Amino acid sequence: GAGFVVNRILIPMINEAINVYAAGVANILIDRKSQNTTITVVTAKPGIVVGRGGQGIEELKQEVSKYLGKPVTINVVEVARIDADAQLVAEAIAQQLEKRVAFRRAMKQAMQRTMRAGVQGIKVMVSGRLGGAEIARSEWAKEGRIPLQTLRADVDYGFTEADTIMGKIGVKVWIFKGNLMPGEKADQNIKAKSGKDNSEKGGRRPKRRAIEAE
């Protein structure tokens, strides 16, 4: 209904305000209540989205609340595992294709990084004028398991397009994270605030000391 239409307009508006590629935006969640709307931006680089002194987020908040005519709350959360997010993996491959890296190499490297992140399977498909060929074609590769027909399988999907000199190349990524048990919710891959604080204060510094000691 009307909510769907508003979301279809809001998401491109937010994408335009934030440099999605540079900020590594994985997902935009919109929770619309009668009086207030909460937008959660899931990103790999929160600093770029927030901007200097929170300037970027304030401008975005003003723009969105002006369009909706209601107060808007914008939360910026960090992705826990970048290599386990299908959208971010697809964007990383697209960026490499734009830098003229061979598509098979870009796919293989991305798949290896993702498998090291602890997922159960990944499938990558690229379509278009691969290698500058006259005729467009599709190529795909996979590692591990990708059960797309299993309803309880937690499969993350991401799609983006690489703007190359020869034209657009579409990149699709499927990541299989495991089967969900009845009543179990899919992992959102969002870094917990308390965990983030701990990693900054207590997690990183001792590691540096250990390296220095060696």
# chains A, B, ... in the order shown; residues from 1 in each chain; ligands from 1
call {"tool": "select_by_dssp", "arguments": {"residues": "region 71-142 of chain A", "states": "alpha helix (DSSP H)", "output": "ChimeraX atom specification"}}
result
/A:86-98,103-116
call {"tool": "write_last_selection", "arguments": {"atoms": "N, CA, C and O atoms", "output": "CSV table (one decimal), in the first residue's frame"}}
result
chain,number,residue,atom,x,y,z
A,86,ALA,N,26.2,-10.1,1.7
A,86,ALA,CA,26.1,-10.3,0.2
A,86,ALA,C,26.2,-9.0,-0.5
A,86,ALA,O,26.9,-8.9,-1.6
A,87,GLN,N,25.5,-8.0,0.0
A,87,GLN,CA,25.5,-6.7,-0.8
A,87,GLN,C,26.9,-6.1,-0.8
A,87,GLN,O,27.3,-5.6,-1.8
A,88,LEU,N,27.6,-6.1,0.3
A,88,LEU,CA,28.9,-5.6,0.4
A,88,LEU,C,29.9,-6.4,-0.4
A,88,LEU,O,30.8,-5.8,-1.0
A,89,VAL,N,29.8,-7.7,-0.5
A,89,VAL,CA,30.6,-8.5,-1.3
A,89,VAL,C,30.4,-8.2,-2.8
A,89,VAL,O,31.4,-8.1,-3.5
A,90,ALA,N,29.1,-8.0,-3.2
A,90,ALA,CA,28.8,-7.7,-4.6
A,90,ALA,C,29.4,-6.3,-4.9
A,90,ALA,O,30.0,-6.2,-6.0
A,91,GLU,N,29.3,-5.4,-4.0
A,91,GLU,CA,29.9,-4.0,-4.3
A,91,GLU,C,31.4,-4.1,-4.4
A,91,GLU,O,32.0,-3.4,-5.2
A,92,ALA,N,32.0,-4.9,-3.6
A,92,ALA,CA,33.5,-5.1,-3.6
A,92,ALA,C,33.9,-5.7,-5.0
A,92,ALA,O,34.9,-5.2,-5.6
A,93,ILE,N,33.2,-6.6,-5.5
A,93,ILE,CA,33.5,-7.2,-6.8
A,93,ILE,C,33.3,-6.2,-7.9
A,93,ILE,O,34.1,-6.1,-8.8
A,94,ALA,N,32.2,-5.4,-7.8
A,94,ALA,CA,31.9,-4.4,-8.8
A,94,ALA,C,33.0,-3.3,-8.8
A,94,ALA,O,33.4,-2.9,-9.9
A,95,GLN,N,33.5,-2.9,-7.7
A,95,GLN,CA,34.5,-1.9,-7.6
A,95,GLN,C,35.8,-2.5,-8.3
A,95,GLN,O,36.5,-1.7,-9.0
A,96,GLN,N,36.1,-3.8,-8.1
A,96,GLN,CA,37.3,-4.4,-8.8
A,96,GLN,C,37.1,-4.4,-10.3
A,96,GLN,O,38.0,-4.2,-11.0
A,97,LEU,N,35.9,-4.8,-10.7
A,97,LEU,CA,35.6,-4.8,-12.2
A,97,LEU,C,35.8,-3.4,-12.8
A,97,LEU,O,36.2,-3.3,-13.9
A,98,GLU,N,35.4,-2.4,-12.1
A,98,GLU,CA,35.5,-1.0,-12.6
A,98,GLU,C,37.0,-0.6,-12.7
A,98,GLU,O,37.4,0.2,-13.5
A,103,PHE,N,37.5,-10.6,-14.2
A,103,PHE,CA,36.3,-10.9,-13.5
A,103,PHE,C,36.4,-12.2,-12.7
A,103,PHE,O,36.0,-12.3,-11.6
A,104,ARG,N,37.1,-13.2,-13.3
A,104,ARG,CA,37.3,-14.5,-12.6
A,104,ARG,C,38.2,-14.4,-11.3
A,104,ARG,O,37.9,-15.0,-10.3
A,105,ARG,N,39.2,-13.5,-11.4
A,105,ARG,CA,40.0,-13.3,-10.3
A,105,ARG,C,39.3,-12.6,-9.2
A,105,ARG,O,39.4,-12.9,-8.0
A,106,ALA,N,38.5,-11.5,-9.6
A,106,ALA,CA,37.7,-10.8,-8.6
A,106,ALA,C,36.7,-11.7,-7.9
A,106,ALA,O,36.5,-11.6,-6.7
A,107,MET,N,36.0,-12.6,-8.6
A,107,MET,CA,35.1,-13.5,-8.1
A,107,MET,C,35.7,-14.5,-7.1
A,107,MET,O,35.3,-14.7,-6.0
A,108,LYS,N,36.9,-15.1,-7.5
A,108,LYS,CA,37.6,-16.1,-6.7
A,108,LYS,C,38.1,-15.5,-5.4
A,108,LYS,O,37.9,-16.1,-4.3
A,109,GLN,N,38.7,-14.3,-5.5
A,109,GLN,CA,39.2,-13.6,-4.2
A,109,GLN,C,38.0,-13.3,-3.3
A,109,GLN,O,38.2,-13.5,-2.1
A,110,ALA,N,36.9,-12.8,-3.8
A,110,ALA,CA,35.7,-12.5,-2.9
A,110,ALA,C,35.2,-13.8,-2.3
A,110,ALA,O,34.9,-13.8,-1.1
A,111,MET,N,35.1,-14.9,-3.0
A,111,MET,CA,34.6,-16.1,-2.5
A,111,MET,C,35.5,-16.7,-1.4
A,111,MET,O,35.1,-17.2,-0.4
A,112,GLN,N,36.8,-16.6,-1.6
A,112,GLN,CA,37.8,-17.1,-0.6
A,112,GLN,C,37.7,-16.3,0.7
A,112,GLN,O,37.7,-16.8,1.8
A,113,ARG,N,37.6,-14.9,0.6
A,113,ARG,CA,37.4,-14.1,1.8
A,113,ARG,C,36.1,-14.4,2.5
A,113,ARG,O,36.1,-14.5,3.7
A,114,THR,N,35.0,-14.6,1.8
A,114,THR,CA,33.7,-14.9,2.4
A,114,THR,C,33.8,-16.3,3.1
A,114,THR,O,33.2,-16.4,4.2
A,115,MET,N,34.4,-17.3,2.5
A,115,MET,CA,34.4,-18.6,3.1
A,115,MET,C,35.3,-18.6,4.4
A,115,MET,O,35.0,-19.2,5.3
A,116,ARG,N,36.3,-17.7,4.4
A,116,ARG,CA,37.1,-17.5,5.6
A,116,ARG,C,36.3,-16.9,6.7
A,116,ARG,O,36.7,-17.0,7.9
call {"tool": "residues_around", "arguments": {"residues": "Asn36 (chain A)", "least_positions_apart": "5", "cutoff": "12 Å", "atoms": "only C-alpha atoms", "output": "PyMOL selection string"}}
result
chain A and resi 30-31+64-65+68-74
call {"tool": "write_last_selection", "arguments": {"atoms": "all heavy atoms", "output": "short mmCIF file (atom, residue, chain, number, x, y, z; two decimals), in the first residue's frame"}}
result
data_model
loop_
_atom_site.label_atom_id
_atom_site.label_comp_id
_atom_site.auth_asym_id
_atom_site.auth_seq_id
_atom_site.Cartn_x
_atom_site.Cartn_y
_atom_site.Cartn_z
N ILE A 30 13.49 0.48 7.44
CA ILE A 30 12.54 1.57 7.75
C ILE A 30 11.42 1.03 8.61
O ILE A 30 10.73 0.10 8.22
CB ILE A 30 11.99 2.21 6.45
CG1 ILE A 30 13.14 2.79 5.62
CG2 ILE A 30 10.98 3.31 6.79
CD1 ILE A 30 12.75 3.24 4.23
N ASP A 31 11.28 1.61 9.81
CA ASP A 31 10.21 1.21 10.73
C ASP A 31 9.26 2.40 10.87
O ASP A 31 9.59 3.38 11.51
CB ASP A 31 10.83 0.83 12.09
CG ASP A 31 9.78 0.35 13.09
OD1 ASP A 31 8.70 -0.07 12.64
OD2 ASP A 31 10.04 0.42 14.31
N VAL A 64 14.63 14.00 4.97
CA VAL A 64 13.62 12.94 5.06
C VAL A 64 12.39 13.42 5.83
O VAL A 64 11.26 13.18 5.41
CB VAL A 64 14.21 11.66 5.70
CG1 VAL A 64 13.13 10.60 5.91
CG2 VAL A 64 15.32 11.09 4.82
N SER A 65 12.60 14.15 6.95
CA SER A 65 11.45 14.63 7.74
C SER A 65 10.66 15.70 6.98
O SER A 65 9.44 15.80 7.11
CB SER A 65 11.87 15.16 9.12
OG SER A 65 12.95 16.01 9.01
N LEU A 68 8.49 13.60 4.58
CA LEU A 68 7.42 12.86 5.27
C LEU A 68 6.46 13.77 6.03
O LEU A 68 5.32 13.41 6.26
CB LEU A 68 8.03 11.85 6.26
CG LEU A 68 8.72 10.62 5.67
CD1 LEU A 68 9.34 9.79 6.77
CD2 LEU A 68 7.74 9.75 4.88
N GLY A 69 6.98 14.93 6.45
CA GLY A 69 6.16 15.83 7.28
C GLY A 69 6.01 15.32 8.69
O GLY A 69 5.07 15.66 9.40
N LYS A 70 6.93 14.47 9.12
CA LYS A 70 6.91 13.88 10.47
C LYS A 70 8.34 13.85 11.01
O LYS A 70 9.30 13.84 10.23
CB LYS A 70 6.42 12.41 10.41
CG LYS A 70 4.97 12.21 10.11
CD LYS A 70 4.70 10.72 10.06
CE LYS A 70 3.30 10.44 9.53
NZ LYS A 70 3.08 9.00 9.36
N PRO A 71 8.50 13.77 12.35
CA PRO A 71 9.86 13.64 12.89
C PRO A 71 10.46 12.28 12.51
O PRO A 71 9.76 11.27 12.44
CB PRO A 71 9.67 13.75 14.41
CG PRO A 71 8.24 13.45 14.65
CD PRO A 71 7.49 13.86 13.42
N VAL A 72 11.76 12.28 12.26
CA VAL A 72 12.45 11.05 11.83
C VAL A 72 13.64 10.80 12.74
O VAL A 72 14.37 11.72 13.08
CB VAL A 72 12.93 11.18 10.35
CG1 VAL A 72 13.80 10.00 9.95
CG2 VAL A 72 11.76 11.28 9.41
N THR A 73 13.82 9.54 13.14
CA THR A 73 14.99 9.13 13.92
C THR A 73 15.87 8.29 13.00
O THR A 73 15.39 7.34 12.40
CB THR A 73 14.58 8.30 15.15
OG1 THR A 73 13.60 9.02 15.88
CG2 THR A 73 15.76 7.99 16.04
N ILE A 74 17.15 8.67 12.89
CA ILE A 74 18.07 7.90 12.04
C ILE A 74 19.16 7.28 12.91
O ILE A 74 19.87 7.98 13.63
CB ILE A 74 18.67 8.78 10.93
CG1 ILE A 74 17.57 9.27 9.99
CG2 ILE A 74 19.73 8.00 10.14
CD1 ILE A 74 18.00 10.20 8.89
#
call {"tool": "closest_residue", "arguments": {"among": "A:Thr164, A:Gly170, A:Arg8, A:Arg152", "to": "Gly183 (chain A)", "atoms": "only C-alpha atoms"}}
result
A:Arg152
call {"tool": "closest_residue", "arguments": {"among": "A:Asn179, A:Asn27, A:Ala117, A:Met125", "to": "Thr150 (chain A)", "atoms": "only C-alpha atoms"}}
result
A:Asn179
call {"tool": "atom_distance", "arguments": {"atom1": "CA of Ile28 (chain A)", "atom2": "CA of Ile11 (chain A)"}}
result
7.1 Å
call {"tool": "residues_around", "arguments": {"residues": "Lys168 (chain A)", "least_positions_apart": "5", "cutoff": "10 Å", "atoms": "only C-alpha atoms", "output": "MDAnalysis selection string"}}
result
chainID A and resid 94 98 127:130 160:163
call {"tool": "residues_around", "arguments": {"residues": "Asp156 (chain A)", "least_positions_apart": "3", "cutoff": "9 Å", "atoms": "only C-alpha atoms", "output": "PyMOL selection string"}}
result
chain A and resi 84-87+173-177
call {"tool": "residues_around", "arguments": {"residues": "region 139-144 of chain A", "least_positions_apart": "5", "cutoff": "6 Å", "atoms": "only C-alpha atoms", "output": "compact mmCIF listing (two decimals) with N, CA, C and O atoms, in the first residue's frame"}}
result
# COMPACT_ATOMS: atom_id res chain seq x y z
N GLN A 120 28.70 -20.99 5.14
CA GLN A 120 28.67 -22.38 4.64
C GLN A 120 28.76 -22.47 3.11
O GLN A 120 29.03 -23.54 2.58
N GLY A 121 28.48 -21.36 2.43
CA GLY A 121 28.57 -21.40 0.97
C GLY A 121 28.38 -20.03 0.35
O GLY A 121 27.78 -19.14 0.96
N ILE A 122 28.89 -19.86 -0.86
CA ILE A 122 28.72 -18.60 -1.60
C ILE A 122 28.64 -18.91 -3.09
O ILE A 122 29.34 -19.78 -3.60
N LYS A 123 27.75 -18.18 -3.77
CA LYS A 123 27.65 -18.27 -5.23
C LYS A 123 27.71 -16.84 -5.78
O LYS A 123 27.05 -15.94 -5.25
N VAL A 124 28.52 -16.65 -6.81
CA VAL A 124 28.67 -15.33 -7.43
C VAL A 124 28.37 -15.45 -8.91
O VAL A 124 28.84 -16.40 -9.57
N MET A 125 27.59 -14.52 -9.45
CA MET A 125 27.28 -14.51 -10.88
C MET A 125 27.53 -13.11 -11.44
O MET A 125 27.09 -12.12 -10.85
N VAL A 126 28.27 -13.04 -12.54
CA VAL A 126 28.48 -11.76 -13.22
C VAL A 126 27.91 -11.86 -14.63
O VAL A 126 28.05 -12.89 -15.28
call {"tool": "atom_distance", "arguments": {"atom1": "CA of Gly158 (chain A)", "atom2": "CA of Glu134 (chain A)"}}
result
26.5 Å
call {"tool": "residues_around", "arguments": {"residues": "region 53-55 of chain A", "least_positions_apart": "6", "cutoff": "12 Å", "atoms": "only C-alpha atoms", "output": "ChimeraX atom specification"}}
result
/A:17-18,46-47,61-62,74-76
call {"tool": "closest_residue", "arguments": {"among": "A:Asp187, A:Glu78, A:Glu58, A:Asp154", "to": "Thr40 (chain A)", "atoms": "only C-alpha atoms"}}
result
A:Glu78
call {"tool": "residues_around", "arguments": {"residues": "Val49 (chain A)", "least_positions_apart": "6", "cutoff": "9 Å", "atoms": "only C-alpha atoms", "output": "number ranges by chain"}}
result
A: 18-20, 23, 25, 41, 43, 56-57, 76
call {"tool": "atom_distance", "arguments": {"atom1": "CA of Glu16 (chain A)", "atom2": "CA of Ala192 (chain A)"}}
result
26.9 Å
call {"tool": "select_by_dssp", "arguments": {"residues": "region 128-163 of chain A", "states": "strand (DSSP E or B)", "output": "MDAnalysis selection string"}}
result
chainID A and resid 128 137:144 153:163
call {"tool": "closest_residue", "arguments": {"among": "A:Val119, A:Ala102, A:Leu151, A:Ile190", "to": "Asp83 (chain A)", "atoms": "only C-alpha atoms"}}
result
A:Val119
